[in-house]
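One file, protein-v7.tsv, is given below (TSV, C-alpha atoms).
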chain	number	residue	atom	x	y	z
O	1	MET	CA	19.28	80.97	-33.42
O	2	PRO	CA	17.03	80.21	-30.43
O	3	ARG	CA	14.42	78.88	-32.83
O	4	CYS	CA	17.01	76.46	-34.33
O	5	ILE	CA	18.03	75.35	-30.86
O	6	ASN	CA	14.44	74.69	-29.89
O	7	TYR	CA	13.91	72.72	-33.06
O	8	PHE	CA	17.04	70.69	-32.37
O	9	LEU	CA	16.05	70.02	-28.77
O	10	ASP	CA	12.56	69.01	-29.84
O	11	ALA	CA	13.94	66.62	-32.45
O	12	LEU	CA	16.40	65.20	-29.92
O	13	SER	CA	13.60	64.69	-27.43
O	14	LYS	CA	11.57	62.77	-30.01
O	15	VAL	CA	14.57	60.58	-30.87
O	16	ASN	CA	15.16	59.83	-27.19
O	17	LEU	CA	11.49	58.99	-26.75
O	18	ILE	CA	11.59	56.57	-29.68
O	19	LYS	CA	14.74	54.95	-28.30
O	20	ALA	CA	13.14	54.66	-24.86
O	21	LYS	CA	10.09	52.98	-26.35
O	22	GLU	CA	12.25	50.61	-28.37
O	23	SER	CA	14.29	49.82	-25.28
O	24	ALA	CA	11.14	49.14	-23.25
O	25	ALA	CA	9.74	46.95	-26.02
O	26	HIS	CA	12.98	44.97	-26.16
O	27	LEU	CA	12.97	44.58	-22.37
O	28	ASN	CA	9.38	43.34	-22.41
O	29	LYS	CA	10.27	40.88	-25.13
O	30	ARG	CA	13.18	39.53	-23.09
O	31	LEU	CA	11.03	39.21	-19.97
O	32	PHE	CA	8.33	37.40	-21.93
O	33	MET	CA	10.87	34.99	-23.47
O	34	ILE	CA	12.36	34.19	-20.07
O	35	GLU	CA	8.96	33.79	-18.43
O	36	ASP	CA	7.75	31.54	-21.25
O	37	LEU	CA	10.89	29.42	-21.01
O	38	MET	CA	10.53	28.96	-17.23
O	39	LYS	CA	6.85	28.08	-17.60
O	40	SER	CA	7.58	25.55	-20.34
O	41	SER	CA	10.35	23.93	-18.27
O	42	GLU	CA	8.12	23.64	-15.22
O	43	GLU	CA	5.34	22.08	-17.31
O	44	LYS	CA	7.74	19.45	-18.67
O	45	MET	CA	8.95	18.61	-15.18
O	46	ASN	CA	5.38	18.43	-13.89
O	47	GLN	CA	4.54	16.01	-16.68
O	48	ALA	CA	7.42	13.79	-15.58
O	49	ILE	CA	6.08	13.79	-12.01
O	50	ASP	CA	2.51	13.08	-13.12
O	51	SER	CA	3.69	10.23	-15.34
O	52	LEU	CA	5.74	8.70	-12.52
O	53	ALA	CA	2.87	8.95	-10.03
O	54	LYS	CA	0.56	7.24	-12.54
O	55	GLU	CA	3.02	4.41	-13.18
O	56	LEU	CA	3.72	3.91	-9.47
O	57	SER	CA	-0.01	3.68	-8.76
O	58	LYS	CA	-0.12	0.59	-10.98
O	59	VAL	CA	2.52	-1.21	-8.93
O	60	ARG	CA	0.73	-3.67	-6.67
O	61	THR	CA	1.98	-3.42	-3.08
O	62	GLY	CA	0.08	-6.21	-1.37
O	63	ARG	CA	-2.30	-3.65	0.10
O	64	ALA	CA	-5.69	-2.66	-1.32
O	65	GLN	CA	-5.50	0.70	-3.09
O	66	ILE	CA	-8.45	1.86	-5.18
O	67	SER	CA	-6.07	3.19	-7.85
O	68	GLN	CA	-5.18	-0.44	-8.61
O	69	LEU	CA	-8.59	-0.75	-10.26
O	70	ASP	CA	-8.16	2.27	-12.55
O	71	THR	CA	-7.48	0.04	-15.55
O	72	VAL	CA	-10.83	-1.77	-15.21
O	73	LYS	CA	-13.24	-0.51	-17.89
O	74	ILE	CA	-16.88	-1.61	-18.06
O	75	PRO	CA	-19.02	-1.67	-21.25
O	76	TYR	CA	-21.80	0.78	-20.44
O	77	TYR	CA	-24.26	1.99	-23.09
O	78	GLY	CA	-21.73	1.33	-25.81
O	79	ASN	CA	-18.78	3.00	-24.07
O	80	LEU	CA	-15.93	1.62	-21.99
O	81	THR	CA	-16.47	3.33	-18.65
O	82	PRO	CA	-14.17	3.45	-15.56
O	83	LEU	CA	-15.28	1.16	-12.75
O	84	SER	CA	-15.64	4.11	-10.37
O	85	GLN	CA	-18.39	5.56	-12.60
O	86	VAL	CA	-20.63	2.48	-12.49
O	87	ALA	CA	-20.05	1.28	-8.93
O	88	ALA	CA	-19.06	2.29	-5.42
O	89	VAL	CA	-15.57	0.98	-4.69
O	90	SER	CA	-14.25	0.72	-1.14
O	91	THR	CA	-11.57	-1.07	0.89
O	92	PRO	CA	-13.15	-2.70	3.97
O	93	ASP	CA	-9.66	-3.65	5.13
O	94	ALA	CA	-6.06	-3.41	3.95
O	95	LYS	CA	-6.29	-6.59	1.88
O	96	SER	CA	-9.64	-6.44	0.09
O	97	PHE	CA	-11.98	-4.45	-2.16
O	98	LEU	CA	-15.76	-4.21	-2.03
O	99	ILE	CA	-17.52	-3.25	-5.28
O	100	SER	CA	-21.22	-2.30	-5.22
O	101	PRO	CA	-22.73	-1.58	-8.67
O	102	TRP	CA	-25.06	1.40	-9.03
O	103	GLU	CA	-27.27	-0.85	-11.17
O	104	GLY	CA	-27.83	-4.54	-10.36
O	105	PRO	CA	-27.56	-5.80	-13.97
O	106	MET	CA	-24.01	-4.38	-14.16
O	107	LEU	CA	-22.71	-6.94	-11.66
O	108	LYS	CA	-21.89	-9.62	-14.23
O	109	GLN	CA	-20.26	-7.17	-16.64
O	110	ILE	CA	-18.08	-5.80	-13.84
O	111	GLU	CA	-17.04	-9.32	-12.90
O	112	GLN	CA	-16.08	-10.13	-16.49
O	113	ALA	CA	-14.17	-6.86	-16.88
O	114	ILE	CA	-12.13	-7.58	-13.74
O	115	VAL	CA	-11.20	-11.02	-15.05
O	116	LYS	CA	-10.16	-9.56	-18.43
O	117	SER	CA	-8.05	-6.86	-16.74
O	118	ASN	CA	-5.54	-9.46	-15.49
O	119	LEU	CA	-5.31	-7.91	-12.03
O	120	GLY	CA	-4.30	-11.21	-10.48
O	121	MET	CA	-7.40	-11.15	-8.27
O	122	THR	CA	-10.38	-13.51	-8.56
O	123	PRO	CA	-13.75	-11.72	-8.17
O	124	GLN	CA	-16.19	-13.21	-5.67
O	125	ASN	CA	-19.74	-12.43	-6.79
O	126	ASP	CA	-22.48	-13.02	-4.22
O	127	GLY	CA	-25.24	-11.66	-6.46
O	128	LYS	CA	-25.23	-8.20	-4.89
O	129	VAL	CA	-21.60	-7.11	-4.56
O	130	ILE	CA	-18.17	-8.23	-5.72
O	131	ARG	CA	-15.29	-8.82	-3.34
O	132	LEU	CA	-11.64	-8.93	-4.32
O	133	LYS	CA	-8.82	-10.16	-2.13
O	134	VAL	CA	-5.34	-8.80	-2.74
O	135	PRO	CA	-2.86	-11.71	-2.95
O	136	GLU	CA	0.18	-11.69	-0.70
O	137	LEU	CA	3.51	-10.73	-2.27
O	138	THR	CA	6.45	-13.05	-1.88
O	139	GLU	CA	9.76	-11.58	-0.72
O	140	GLU	CA	11.28	-12.22	-4.15
O	141	ARG	CA	8.35	-10.48	-5.86
O	142	ARG	CA	8.70	-7.48	-3.53
O	143	LYS	CA	12.37	-7.12	-4.45
O	144	ASP	CA	11.54	-7.32	-8.16
O	145	LEU	CA	8.92	-4.59	-7.75
O	146	VAL	CA	11.39	-2.38	-5.87
O	147	LYS	CA	13.80	-2.74	-8.79
O	148	ALA	CA	10.99	-1.77	-11.17
O	149	VAL	CA	10.21	1.29	-9.04
O	150	LYS	CA	13.85	2.35	-9.10
O	151	LYS	CA	13.84	2.05	-12.91
O	152	MET	CA	10.68	4.19	-13.18
O	153	THR	CA	12.21	6.72	-10.81
O	154	GLU	CA	15.43	7.01	-12.79
O	155	ASP	CA	13.47	7.45	-16.04
O	156	SER	CA	11.60	10.32	-14.39
O	157	ARG	CA	14.86	11.93	-13.23
O	158	VAL	CA	16.21	11.69	-16.78
O	159	SER	CA	13.09	13.43	-18.14
O	160	ILE	CA	13.49	16.26	-15.64
O	161	ARG	CA	17.19	16.66	-16.44
O	162	MET	CA	16.39	16.73	-20.15
O	163	ALA	CA	13.97	19.58	-19.48
O	164	ARG	CA	16.79	21.39	-17.66
O	165	ARG	CA	19.18	20.77	-20.56
O	166	ASP	CA	16.67	22.09	-23.10
O	167	ALA	CA	16.10	25.21	-21.00
O	168	ASN	CA	19.82	25.90	-20.62
O	169	GLU	CA	20.42	25.46	-24.34
O	170	SER	CA	17.60	27.93	-25.07
O	171	LEU	CA	19.11	30.42	-22.63
O	172	LYS	CA	22.52	30.12	-24.29
O	173	LYS	CA	20.96	30.81	-27.69
O	174	MET	CA	19.18	33.85	-26.27
O	175	GLU	CA	22.46	35.15	-24.83
O	176	LYS	CA	24.29	34.52	-28.10
O	177	SER	CA	21.65	36.46	-30.04
O	178	LYS	CA	21.91	39.31	-27.49
O	179	ASP	CA	18.32	38.81	-26.30
O	180	ILE	CA	19.64	38.43	-22.76
O	181	SER	CA	22.88	39.47	-21.07
O	182	GLU	CA	25.55	37.20	-19.67
O	183	ASP	CA	24.39	38.05	-16.14
O	184	GLN	CA	20.81	37.15	-17.05
O	185	LEU	CA	22.03	33.86	-18.50
O	186	LYS	CA	23.72	33.02	-15.21
O	187	THR	CA	20.74	34.11	-13.10
O	188	GLN	CA	18.18	32.15	-15.13
O	189	SER	CA	20.42	29.06	-15.30
O	190	GLU	CA	20.57	29.10	-11.50
O	191	LYS	CA	16.77	29.36	-11.34
O	192	ILE	CA	16.46	26.41	-13.71
O	193	GLN	CA	18.79	24.39	-11.48
O	194	LYS	CA	16.75	25.24	-8.37
O	195	LEU	CA	13.58	24.18	-10.20
O	196	THR	CA	15.27	20.94	-11.23
O	197	ASP	CA	16.36	20.23	-7.65
O	198	GLN	CA	12.79	20.77	-6.42
O	199	PHE	CA	11.36	18.28	-8.89
O	200	ILE	CA	14.10	15.71	-8.33
O	201	LYS	CA	13.22	15.89	-4.63
O	202	LYS	CA	9.56	15.20	-5.50
O	203	VAL	CA	10.65	12.17	-7.54
O	204	ASP	CA	12.73	10.87	-4.63
O	205	THR	CA	9.81	11.30	-2.22
O	206	LEU	CA	7.41	9.39	-4.50
O	207	SER	CA	9.97	6.61	-4.93
O	208	GLU	CA	10.77	6.32	-1.21
O	209	ASN	CA	7.08	6.16	-0.26
O	210	LYS	CA	6.39	3.43	-2.83
O	211	GLU	CA	9.37	1.36	-1.74
O	212	LYS	CA	8.21	1.57	1.88
O	213	GLU	CA	4.76	0.33	0.81
O	214	LEU	CA	6.32	-2.59	-1.02
O	215	LEU	CA	8.55	-3.66	1.86
O	216	VAL	CA	5.84	-3.52	4.54
O	217	LEU	CA	4.83	-7.10	5.35
What is this file in structure tokens?
Amino acid sequence: MPRCINYFLDALSKVNLIKAKESAAHLNKRLFMIEDLMKSSEEKMNQAIDSLAKELSKVRTGRAQISQLDTVKIPYYGNLTPLSQVAAVSTPDAKSFLISPWEGPMLKQIEQAIVKSNLGMTPQNDGKVIRLKVPELTEERRKDLVKAVKKMTEDSRVSIRMARRDANESLKKMEKSKDISEDQLKTQSEKIQKLTDQFIKKVDTLSENKEKELLVL
């Protein structure tokens, strides 16, 4: 009899061990799914912020900002190369750019590229450097640009909220398939909302700063 009991206890122990391992594996799977979902959501929201920052940098404010020249590409050894890689670009004052080519022969090509870029600035070539003067913005133009900034900002908010929606839908599917509990669904949904709030705040900050730049005379 004792031998039977020992056999039974040993078998029971093995069954419990298998169940424990299965339970741990399931827990790890759930944690991985949740972690992956949070990471994916944050990446999508970061992309929305990066895209907004890039678009806002293209909005001319009436002040010289080197990022305004990012679209200027120069033919260099058969490749279209960013201006910053063939010349030193600086802002001697708030209303002008100074461009000094690394190689003298590049001066004319840089001048032509600026003209083709439709920046609204006429290059002044003195044979050694190129100067650009940022034109003044009219009050009407400033208001139009502020409207454009608001539109960009709202598009960014929409992208972030879509990332939140996608995350919440994924969480609901995970809860429905019993991969996570109802409590976990609630907890992770709250985390997604906090993440969303953080990124919406970043969007608002970028927008407010750009509008201030546009309205400064």
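The list of residues with at least one atom within 12 Å of Thr81 of chain O, based on only C-alpha atoms and without residues fewer than 5 positions apart in the same chain, reads Asp70, Thr71, Val72, Lys73, Ile74, Pro75, Tyr76, Val86, Ala87, Met106, Gln109, Ile110 and Ala113 of chain O.
The coordinates place atom CA of Thr61 of chain O at 25.4 Å from atom CA of Pro101 of chain O.
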Checklist entry - Got a sec: who's within 9 Å of Ile200 of chain O, counting all atoms listed in the file, leaving out chain neighbours fewer than 2 positions off, as a PyMOL selection string? => result chain O and resi 156-157+160-161+195-198+202-205
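For the residues O:Arg165, O:Lys210, O:Glu136, O:Leu37, ranking by smallest atom-to-atom distance to Gln193 of chain O using only C-alpha atoms places O:Arg165 first.
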Next on the checklist: Give me the residues near Asp155 of chain O as a list in words, where near means some atom within 9 Å (using all atoms listed in the file) and where sequence neighbours in that chain fewer than 5 positions away do not count.
Outcome noted: Ala48, Leu52, Lys150 and Ile160 of chain O
Checklist entry - Could you pull the residues within 7 Å of Ser41 of chain O, counting all atoms listed in the file, minus those fewer than 6 positions along the same chain, as JSON, numbers by chain? => result {"O": [163, 164, 167]}
Convert the current residue selection to file output with C-alpha atoms, as a PDB file, keeping the file's coordinate frame.
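To be explicit, this is the file written out as result17.pdb:
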ATOM      1  CA  ALA O 163      13.970  19.580 -19.480  1.00  0.00           C
ATOM      2  CA  ARG O 164      16.790  21.390 -17.660  1.00  0.00           C
ATOM      3  CA  ALA O 167      16.100  25.210 -21.000  1.00  0.00           C
TER       4      ALA O 167
END
Item to check | Close residues, Glu208 of chain O itself excluded, 12 Å, all atoms listed in the file, min 6 positions apart in chain, as number ranges by chain | outcome: O: 56, 146, 149-150, 153, 201-202, 214-215
Checklist entry - Which protein, DNA or RNA residues have an atom at most 10 Å from (-13.6, -4.6, -10.4), counting all atoms listed in the file? List them as a PyMOL selection string. => result chain O and resi 66+68-74+82-84+87+89+97-101+107+109-115+117+119+121-123+130-132
Edge lengths and centre in Å, axis-aligned, segment 82-89 of chain O plus 6 Å each side, as lines of an AutoDock Vina configuration file:
center_x = -17.4
center_y = 3.3
center_z = -10.1
size_x = 18.5
size_y = 16.6
size_z = 22.9
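Of the residues listed (O:Ala64, O:Leu80, O:Lys44, O:Glu211), O:Glu211 shows the shortest atom-to-atom separation from Asp144 of chain O; distances use only C-alpha atoms.
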